[in-house]
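**Q** Here's a structure for you.
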Amino acid sequence: MPNEIETALRSTATKIAQYVEDVAALTVETKYLDLSDGGEANFEAAKPGLRTIIRLDGDCEAIAPMQRGQGGNLESNTDLIELHQRNLNSAIEYRARMMGALLEALRSYTGR
């Protein structure tokens with residue numbers, strides 16, 4: 001019959017495995033509202049501006065809307081990209097802190 005420490009370790013390992021599965025892909029979306037018509041801000045009407053997905057194995061996918069400018073060259077919204085980069089950096093830092101906390105909790109249970 002497992003003792004309390006073994007039970008706690010199993011429970012913690014199960015929670016960590018679930019968390020790792022949940023964070024296997026970090027998705028950050030930055031949306032925007034077009035208020036140029038002077039209407040009220042309806043947050044339900046926010047449209048996707050940029051999306052980045054970072055997988056635990058290091059694969060990354062970034063999608064940014066582009067439009068054709070004068071001369072047919074593709075152009076992007078640099079202000080929106082800068083905002084998205086700040087959001088992405090915050091999400092990466094948060095995930096790193098959470099993973100560190102989980103590893104530290106596991107170490108404290110195992111005494112290492």
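Quick note on naming: the chains in the structure tokens go A, B, ... in the order shown, residues restart at 1 in each chain, and ligands are numbered from 1 in order of appearance.
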Which neighbours of Ile54 in chain A fall inside 9 Å, counting only C-alpha atoms, when residues of the same chain fewer than 5 positions from it are skipped, and could you give them as a PyMOL selection string?

**A** chain A and resi 24-28+59-62

**Q** Write out as a ChimeraX atom specification the residues lying within 10 Å of range 36-49 of chain A, counting only C-alpha atoms and excluding same-chain residues fewer than 3 positions away.

**A** /A:29-33,63-66,77,80-81,84

**Q** What is the CA of Ala96 in chain A-CA of Leu83 in chain A distance in Å, reported with one decimal?

**A**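 Pair CA of Ala96 in chain A / CA of Leu83 in chain A returns 20.2 Å.
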
**Q** Provide the CA of Ser108 in chain A to CA of Asp22 in chain A distance in Å, to one decimal place.

**A** 22.7 Å

**Q** Please indicate the distance in Å from CA of Leu106 in chain A to CA of Ala8 in chain A, rounded to one decimal place.

**A** 10.0 Å

**Q** Give me, as a ChimeraX atom specification, the residues of range 3-68 of chain A that a backbone DSSP run labels strand (DSSP E).

**A** /A:25-32,47-55,60-63,67-68

**Q** Create the file for the chosen residues now, containing N, CA and C atoms and written as an mmCIF file, in the first residue's frame.

**A**
data_model
loop_
_atom_site.group_PDB
_atom_site.id
_atom_site.type_symbol
_atom_site.label_atom_id
_atom_site.label_comp_id
_atom_site.auth_asym_id
_atom_site.auth_seq_id
_atom_site.Cartn_x
_atom_site.Cartn_y
_atom_site.Cartn_z
ATOM 1 N N ALA A 25 1.535 23.645 -26.501
ATOM 2 C CA ALA A 25 1.495 24.704 -27.515
ATOM 3 C C ALA A 25 1.062 25.999 -26.837
ATOM 4 N N LEU A 26 1.914 26.990 -26.902
ATOM 5 C CA LEU A 26 1.617 28.311 -26.371
ATOM 6 C C LEU A 26 1.067 29.146 -27.523
ATOM 7 N N THR A 27 -0.184 29.569 -27.405
ATOM 8 C CA THR A 27 -0.817 30.356 -28.457
ATOM 9 C C THR A 27 -1.071 31.763 -27.935
ATOM 10 N N VAL A 28 -0.592 32.750 -28.669
ATOM 11 C CA VAL A 28 -0.827 34.152 -28.330
ATOM 12 C C VAL A 28 -1.504 34.812 -29.513
ATOM 13 N N GLU A 29 -2.676 35.371 -29.265
ATOM 14 C CA GLU A 29 -3.407 36.113 -30.293
ATOM 15 C C GLU A 29 -3.532 37.555 -29.846
ATOM 16 N N THR A 30 -3.276 38.460 -30.745
ATOM 17 C CA THR A 30 -3.482 39.873 -30.498
ATOM 18 C C THR A 30 -4.587 40.319 -31.454
ATOM 19 N N LYS A 31 -5.664 40.823 -30.874
ATOM 20 C CA LYS A 31 -6.829 41.231 -31.668
ATOM 21 C C LYS A 31 -6.927 42.751 -31.686
ATOM 22 N N TYR A 32 -7.752 43.263 -32.559
ATOM 23 C CA TYR A 32 -7.938 44.710 -32.652
ATOM 24 C C TYR A 32 -9.399 45.045 -32.855
ATOM 25 N N LYS A 47 -11.244 41.637 -33.850
ATOM 26 C CA LYS A 47 -10.807 40.788 -34.966
ATOM 27 C C LYS A 47 -9.356 40.370 -34.742
ATOM 28 N N PRO A 48 -9.021 39.158 -35.174
ATOM 29 C CA PRO A 48 -7.634 38.719 -35.012
ATOM 30 C C PRO A 48 -6.688 39.596 -35.815
ATOM 31 N N GLY A 49 -5.594 39.983 -35.162
ATOM 32 C CA GLY A 49 -4.583 40.768 -35.843
ATOM 33 C C GLY A 49 -3.356 39.926 -36.124
ATOM 34 N N LEU A 50 -2.845 39.274 -35.089
ATOM 35 C CA LEU A 50 -1.672 38.416 -35.228
ATOM 36 C C LEU A 50 -1.846 37.201 -34.327
ATOM 37 N N ARG A 51 -1.217 36.108 -34.739
ATOM 38 C CA ARG A 51 -1.248 34.895 -33.911
ATOM 39 C C ARG A 51 0.111 34.226 -34.012
ATOM 40 N N THR A 52 0.600 33.794 -32.856
ATOM 41 C CA THR A 52 1.841 33.030 -32.798
ATOM 42 C C THR A 52 1.584 31.781 -31.959
ATOM 43 N N ILE A 53 2.068 30.649 -32.468
ATOM 44 C CA ILE A 53 1.973 29.389 -31.739
ATOM 45 C C ILE A 53 3.397 28.857 -31.571
ATOM 46 N N ILE A 54 3.778 28.598 -30.323
ATOM 47 C CA ILE A 54 5.088 28.018 -30.034
ATOM 48 C C ILE A 54 4.846 26.673 -29.369
ATOM 49 N N ARG A 55 5.371 25.625 -29.977
ATOM 50 C CA ARG A 55 5.198 24.285 -29.435
ATOM 51 C C ARG A 55 6.365 23.936 -28.521
ATOM 52 N N CYS A 60 7.602 26.720 -34.242
ATOM 53 C CA CYS A 60 6.909 27.995 -34.077
ATOM 54 C C CYS A 60 6.156 28.337 -35.363
ATOM 55 N N GLU A 61 4.987 28.904 -35.188
ATOM 56 C CA GLU A 61 4.179 29.369 -36.322
ATOM 57 C C GLU A 61 3.698 30.772 -35.996
ATOM 58 N N ALA A 62 3.913 31.701 -36.896
ATOM 59 C CA ALA A 62 3.447 33.076 -36.709
ATOM 60 C C ALA A 62 2.647 33.492 -37.934
ATOM 61 N N ILE A 63 1.502 34.110 -37.671
ATOM 62 C CA ILE A 63 0.645 34.567 -38.762
ATOM 63 C C ILE A 63 0.382 36.055 -38.555
ATOM 64 N N GLN A 67 -1.101 43.577 -46.254
ATOM 65 C CA GLN A 67 -1.904 44.174 -47.319
ATOM 66 C C GLN A 67 -0.965 44.748 -48.369
ATOM 67 N N ARG A 68 -1.484 44.860 -49.561
ATOM 68 C CA ARG A 68 -0.693 45.405 -50.659
ATOM 69 C C ARG A 68 -0.710 46.926 -50.574
#

**Q** Would you please extract all alpha helix (DSSP H) residues from chain A, as assigned by DSSP on the backbone, and give them as JSON, numbers by chain?

**A** {"A": [4, 5, 6, 7, 8, 9, 10, 11, 12, 13, 14, 15, 16, 17, 18, 19, 20, 21, 22, 78, 79, 80, 81, 82, 83, 84, 85, 86, 87, 88, 89, 90, 91, 92, 93, 94, 95, 96, 97, 98, 99, 100, 101, 102, 103, 104, 105, 106, 107, 108, 109, 110]}

**Q** Quick one: everything within 10 Å of range 12-19 of chain A, counting only C-alpha atoms, minus sequence neighbours fewer than 6 positions away in the same chain. Send it as a PyMOL selection string.

**A** chain A and resi 6+98-99+102-103+105-106+109

**Q** Using N, CA and C atoms, can you export the residues from the last selection as a PDB file, in the first residue's frame?

**A**
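again_16.pdb, written as the output of this step:
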ATOM      1  N   GLU A   6       4.434   8.688  -1.498  1.00  0.00           N
ATOM      2  CA  GLU A   6       4.242   8.096  -2.816  1.00  0.00           C
ATOM      3  C   GLU A   6       2.945   8.605  -3.456  1.00  0.00           C
ATOM      4  N   MET A  98       6.107  29.386 -14.572  1.00  0.00           N
ATOM      5  CA  MET A  98       5.237  28.305 -14.124  1.00  0.00           C
ATOM      6  C   MET A  98       5.948  26.957 -14.211  1.00  0.00           C
ATOM      7  N   MET A  99       6.663  26.720 -15.302  1.00  0.00           N
ATOM      8  CA  MET A  99       7.402  25.461 -15.437  1.00  0.00           C
ATOM      9  C   MET A  99       8.485  25.368 -14.367  1.00  0.00           C
ATOM     10  N   LEU A 102       6.828  24.469 -11.103  1.00  0.00           N
ATOM     11  CA  LEU A 102       6.447  23.059 -11.077  1.00  0.00           C
ATOM     12  C   LEU A 102       7.662  22.159 -10.863  1.00  0.00           C
ATOM     13  N   LEU A 103       8.755  22.462 -11.526  1.00  0.00           N
ATOM     14  CA  LEU A 103       9.972  21.665 -11.337  1.00  0.00           C
ATOM     15  C   LEU A 103      10.482  21.784  -9.912  1.00  0.00           C
ATOM     16  N   ALA A 105       8.668  22.378  -7.256  1.00  0.00           N
ATOM     17  CA  ALA A 105       7.755  21.611  -6.410  1.00  0.00           C
ATOM     18  C   ALA A 105       8.077  20.123  -6.494  1.00  0.00           C
ATOM     19  N   LEU A 106       8.363  19.650  -7.684  1.00  0.00           N
ATOM     20  CA  LEU A 106       8.713  18.240  -7.846  1.00  0.00           C
ATOM     21  C   LEU A 106      10.015  17.922  -7.127  1.00  0.00           C
ATOM     22  N   TYR A 109       9.476  17.549  -3.437  1.00  0.00           N
ATOM     23  CA  TYR A 109       8.852  16.276  -3.087  1.00  0.00           C
ATOM     24  C   TYR A 109       9.858  15.130  -3.128  1.00  0.00           C
TER      25      TYR A 109
END
